[in-house]
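I have placed the structure first, in the form of structure tokens, so that the comments after it can refer back to it.
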Amino acid sequence: MLFTTRQLLHKNYACTKRFRHFFRRYHRVDENELIPLIDVLERNGLDDALWCLRATTVPCESFARLFAADCAEHVLPLFETNFPDNPAPRRAIEVARQLARGEATGQECRDARIAALAACDAAADEAVVVPGAAASDAYLAASAAAYTAAVAAAYTADAAADEAAEQAVAAACFAARAPAEEAAAAAAARAATEPDAYLAAVAAARAKWDAATEAELLWQTAKFREALLAHNSEREEN
């Protein structure tokens with residue numbers, strides 16, 4: 001299991017308001033008493049649990065980077081449905097995982113990131129030239145998914161572990177809600193001359209946008225919980 005402590009939280013400048021709320025519910029007072037990250041997840045949510053990856057009692061870089069790759073892979077079908085013959089984003093995720101396990105170099109990860117970014121640009125270009133709002137939305141979602149893979153690879157290669165997880169979570173949520181976001185803009189444009197229709201279209205699209213974001217965050221939270229429990233089992237076996 002991954003743990004933090006009050007001392008580590010203070011040392012890393014944890015948000016006073018958020019963790020005052022946590023400690024009121026948790027009733028821990030000792031500066032060095034171990035606090036399981038899964039408790040932070042259950043009581044404060046995913047954002048604070050991800051933040052705590054920078055303040056764990058033992059290094060957790062591999063854990064955080066592998067979780068970043070999981071988040072990118074979850075939205076990858078948005079890309080592969082439209083570009084089944086382009087393996088670049090999946091390859092970026094695979095190399096990110098290899099690097100997290102010590103099986104690839106940073107340069108290999110950066111090269112995979114560049115290829116995934118090229119796939120992202122290609123999908124965005126398709127969104128511009130392909131007629132039809134639905135097709136355009138699909139390609140924009142594909143572009144966002146490819147970008148998520150590139151983000152996972154980039155942060156796995158170059159940044160701190162906590163940033164890898166935080167950035168991948170944000171990028172995956174963006175990819176998941178991309179179709180709804182574009183639909184909102186299109187609906188608003190179509191109804192611009194009719195105020196009541198405009199407001200109704202924006203509200204409906206916004207509801208879809210919120211639902212897509214919530215669904216992705218629920219998946220990420222469950223995946224993070226699963227990863228924490230698996231990490232605990234692996235450490236017990238070793």
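Residue numbering restarts at 1 in every chain; chains get A, B, ... in the order shown in the structure tokens, and ligands count up from 1 in that same order.
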Set the distance at 12 Å and use only C-alpha atoms: which residues neighbour A:Ala104 once local chain neighbours fewer than 3 positions away are removed? I'd like the list as a PyMOL selection string. chain A and resi 92-101+107-112+153+156-157
For those residues, write N, CA, C and O atoms to a file as an mmCIF file, in the first residue's frame.
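Writing done, so here's again-v2.cif:
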```cif
data_model
loop_
_atom_site.group_PDB
_atom_site.id
_atom_site.type_symbol
_atom_site.label_atom_id
_atom_site.label_comp_id
_atom_site.auth_asym_id
_atom_site.auth_seq_id
_atom_site.Cartn_x
_atom_site.Cartn_y
_atom_site.Cartn_z
ATOM 1 N N ALA A 92 2.866 4.673 -28.351
ATOM 2 C CA ALA A 92 3.327 5.625 -27.342
ATOM 3 C C ALA A 92 2.984 5.138 -25.938
ATOM 4 O O ALA A 92 3.794 5.257 -25.008
ATOM 5 N N ILE A 93 1.797 4.581 -25.782
ATOM 6 C CA ILE A 93 1.384 4.067 -24.474
ATOM 7 C C ILE A 93 2.222 2.856 -24.083
ATOM 8 O O ILE A 93 2.656 2.715 -22.932
ATOM 9 N N GLU A 94 2.473 1.971 -25.046
ATOM 10 C CA GLU A 94 3.285 0.783 -24.767
ATOM 11 C C GLU A 94 4.699 1.163 -24.339
ATOM 12 O O GLU A 94 5.241 0.608 -23.369
ATOM 13 N N VAL A 95 5.294 2.124 -25.045
ATOM 14 C CA VAL A 95 6.654 2.546 -24.699
ATOM 15 C C VAL A 95 6.663 3.253 -23.353
ATOM 16 O O VAL A 95 7.614 3.114 -22.566
ATOM 17 N N ALA A 96 5.608 4.011 -23.058
ATOM 18 C CA ALA A 96 5.512 4.655 -21.745
ATOM 19 C C ALA A 96 5.535 3.618 -20.630
ATOM 20 O O ALA A 96 6.213 3.781 -19.610
ATOM 21 N N ARG A 97 4.808 2.541 -20.822
ATOM 22 C CA ARG A 97 4.801 1.471 -19.812
ATOM 23 C C ARG A 97 6.173 0.794 -19.722
ATOM 24 O O ARG A 97 6.641 0.460 -18.628
ATOM 25 N N GLN A 98 6.797 0.586 -20.861
ATOM 26 C CA GLN A 98 8.126 -0.029 -20.856
ATOM 27 C C GLN A 98 9.120 0.831 -20.095
ATOM 28 O O GLN A 98 9.932 0.330 -19.319
ATOM 29 N N LEU A 99 9.047 2.141 -20.298
ATOM 30 C CA LEU A 99 9.951 3.037 -19.588
ATOM 31 C C LEU A 99 9.683 3.003 -18.093
ATOM 32 O O LEU A 99 10.617 3.001 -17.280
ATOM 33 N N ALA A 100 8.413 2.967 -17.716
ATOM 34 C CA ALA A 100 8.062 2.908 -16.295
ATOM 35 C C ALA A 100 8.616 1.655 -15.636
ATOM 36 O O ALA A 100 8.937 1.662 -14.444
ATOM 37 N N ARG A 101 8.738 0.578 -16.408
ATOM 38 C CA ARG A 101 9.286 -0.684 -15.886
ATOM 39 C C ARG A 101 10.794 -0.786 -16.098
ATOM 40 O O ARG A 101 11.385 -1.828 -15.824
ATOM 41 N N GLN A 107 14.602 8.473 -24.651
ATOM 42 C CA GLN A 107 14.561 8.882 -26.052
ATOM 43 C C GLN A 107 13.542 8.077 -26.840
ATOM 44 O O GLN A 107 12.825 8.628 -27.689
ATOM 45 N N GLU A 108 13.442 6.778 -26.568
ATOM 46 C CA GLU A 108 12.426 5.957 -27.240
ATOM 47 C C GLU A 108 11.025 6.467 -26.907
ATOM 48 O O GLU A 108 10.141 6.506 -27.773
ATOM 49 N N CYS A 109 10.834 6.877 -25.680
ATOM 50 C CA CYS A 109 9.531 7.399 -25.270
ATOM 51 C C CYS A 109 9.240 8.725 -25.955
ATOM 52 O O CYS A 109 8.116 8.971 -26.412
ATOM 53 N N ARG A 110 10.244 9.566 -26.056
ATOM 54 C CA ARG A 110 10.040 10.849 -26.726
ATOM 55 C C ARG A 110 9.755 10.668 -28.216
ATOM 56 O O ARG A 110 8.919 11.375 -28.791
ATOM 57 N N ASP A 111 10.431 9.700 -28.842
ATOM 58 C CA ASP A 111 10.165 9.422 -30.258
ATOM 59 C C ASP A 111 8.723 8.936 -30.454
ATOM 60 O O ASP A 111 8.046 9.333 -31.412
ATOM 61 N N ALA A 112 8.256 8.090 -29.532
ATOM 62 C CA ALA A 112 6.876 7.595 -29.617
ATOM 63 C C ALA A 112 5.890 8.739 -29.410
ATOM 64 O O ALA A 112 4.828 8.796 -30.048
ATOM 65 N N ALA A 153 3.132 9.602 -22.788
ATOM 66 C CA ALA A 153 4.515 9.316 -23.168
ATOM 67 C C ALA A 153 5.435 10.460 -22.791
ATOM 68 O O ALA A 153 6.541 10.252 -22.276
ATOM 69 N N THR A 156 5.827 10.610 -19.015
ATOM 70 C CA THR A 156 6.582 9.464 -18.532
ATOM 71 C C THR A 156 8.069 9.675 -18.767
ATOM 72 O O THR A 156 8.906 9.299 -17.961
ATOM 73 N N ALA A 157 8.403 10.309 -19.874
ATOM 74 C CA ALA A 157 9.811 10.501 -20.196
ATOM 75 C C ALA A 157 10.444 11.660 -19.445
ATOM 76 O O ALA A 157 11.596 11.578 -19.036
#
```
Give me the residues within 6 Å of stretch 46-48 of chain A as a PyMOL selection string, counting only C-alpha atoms and dropping any in the same chain fewer than 3 places off. chain A and resi 41+51+221
Selected residues written out with all heavy atoms, as an mmCIF file, in the first residue's frame:
```
data_model
loop_
_atom_site.group_PDB
_atom_site.id
_atom_site.type_symbol
_atom_site.label_atom_id
_atom_site.label_comp_id
_atom_site.auth_asym_id
_atom_site.auth_seq_id
_atom_site.Cartn_x
_atom_site.Cartn_y
_atom_site.Cartn_z
ATOM 1 N N LEU A 41 -8.199 8.771 -1.153
ATOM 2 C CA LEU A 41 -9.072 8.603 -2.317
ATOM 3 C C LEU A 41 -10.531 8.528 -1.898
ATOM 4 O O LEU A 41 -11.395 9.205 -2.483
ATOM 5 C CB LEU A 41 -8.676 7.329 -3.080
ATOM 6 C CG LEU A 41 -9.545 6.968 -4.282
ATOM 7 C CD1 LEU A 41 -9.360 7.980 -5.408
ATOM 8 C CD2 LEU A 41 -9.214 5.556 -4.780
ATOM 9 N N TRP A 51 -2.588 14.016 -6.095
ATOM 10 C CA TRP A 51 -1.625 14.983 -5.579
ATOM 11 C C TRP A 51 -0.683 14.328 -4.569
ATOM 12 O O TRP A 51 0.516 14.636 -4.534
ATOM 13 C CB TRP A 51 -2.356 16.160 -4.940
ATOM 14 C CG TRP A 51 -1.421 17.244 -4.537
ATOM 15 C CD1 TRP A 51 -1.051 18.337 -5.268
ATOM 16 C CD2 TRP A 51 -0.687 17.329 -3.308
ATOM 17 N NE1 TRP A 51 -0.139 19.083 -4.586
ATOM 18 C CE2 TRP A 51 0.108 18.488 -3.381
ATOM 19 C CE3 TRP A 51 -0.626 16.525 -2.161
ATOM 20 C CZ2 TRP A 51 0.943 18.871 -2.350
ATOM 21 C CZ3 TRP A 51 0.221 16.904 -1.131
ATOM 22 C CH2 TRP A 51 0.986 18.065 -1.227
ATOM 23 N N THR A 221 -11.294 6.831 -11.090
ATOM 24 C CA THR A 221 -11.278 6.602 -9.644
ATOM 25 C C THR A 221 -11.261 5.113 -9.334
ATOM 26 O O THR A 221 -10.494 4.653 -8.472
ATOM 27 C CB THR A 221 -12.500 7.263 -8.986
ATOM 28 O OG1 THR A 221 -12.458 8.674 -9.232
ATOM 29 C CG2 THR A 221 -12.522 7.014 -7.486
#
```
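Restricting the calculation to only C-alpha atoms, the smallest distance between A:Ala69 and any of A:Phe83, A:Ala150, A:Leu37, A:Glu42 is found for A:Ala150.
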With only C-alpha atoms as the atoms that count, which of A:Leu117, A:Val75, A:Ala168, A:Ala55 lies nearest to A:Ala212? A:Val75
Atom pair atom CA of A:Ala222 / atom CA of A:Gln167: separation (Å): 17.6 Å
Quick one: residues within 7 Å of A:Cys71, only C-alpha atoms, excluding same-chain residues fewer than 3 positions away - as JSON, numbers by chain? {"A": [67, 68, 74, 168, 169, 172, 220]}
Report the residues of stretch 52-126 of chain A whose backbone DSSP state falls under helix (DSSP H, G or I), written as a ChimeraX atom specification. /A:52-55,61-74,77-80,88-100,106-126
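Comparing the minimum interatomic distances between A:Glu216 and each of A:Ala200, A:Ala171, A:Leu140, A:Ala230, counting only C-alpha atoms, we find that A:Ala171 sits nearest.
Atom to atom, atom CA of A:Asp85 and atom CA of A:Cys173 stand 24.3 Å apart.
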If you count only C-alpha atoms, which residues fall within 12 Å of stretch 43-45 of chain A, apart from same-chain ones fewer than 3 positions away, as a ChimeraX atom specification? /A:15,17-26,35-40,48-52,217-218,220-222,224-225
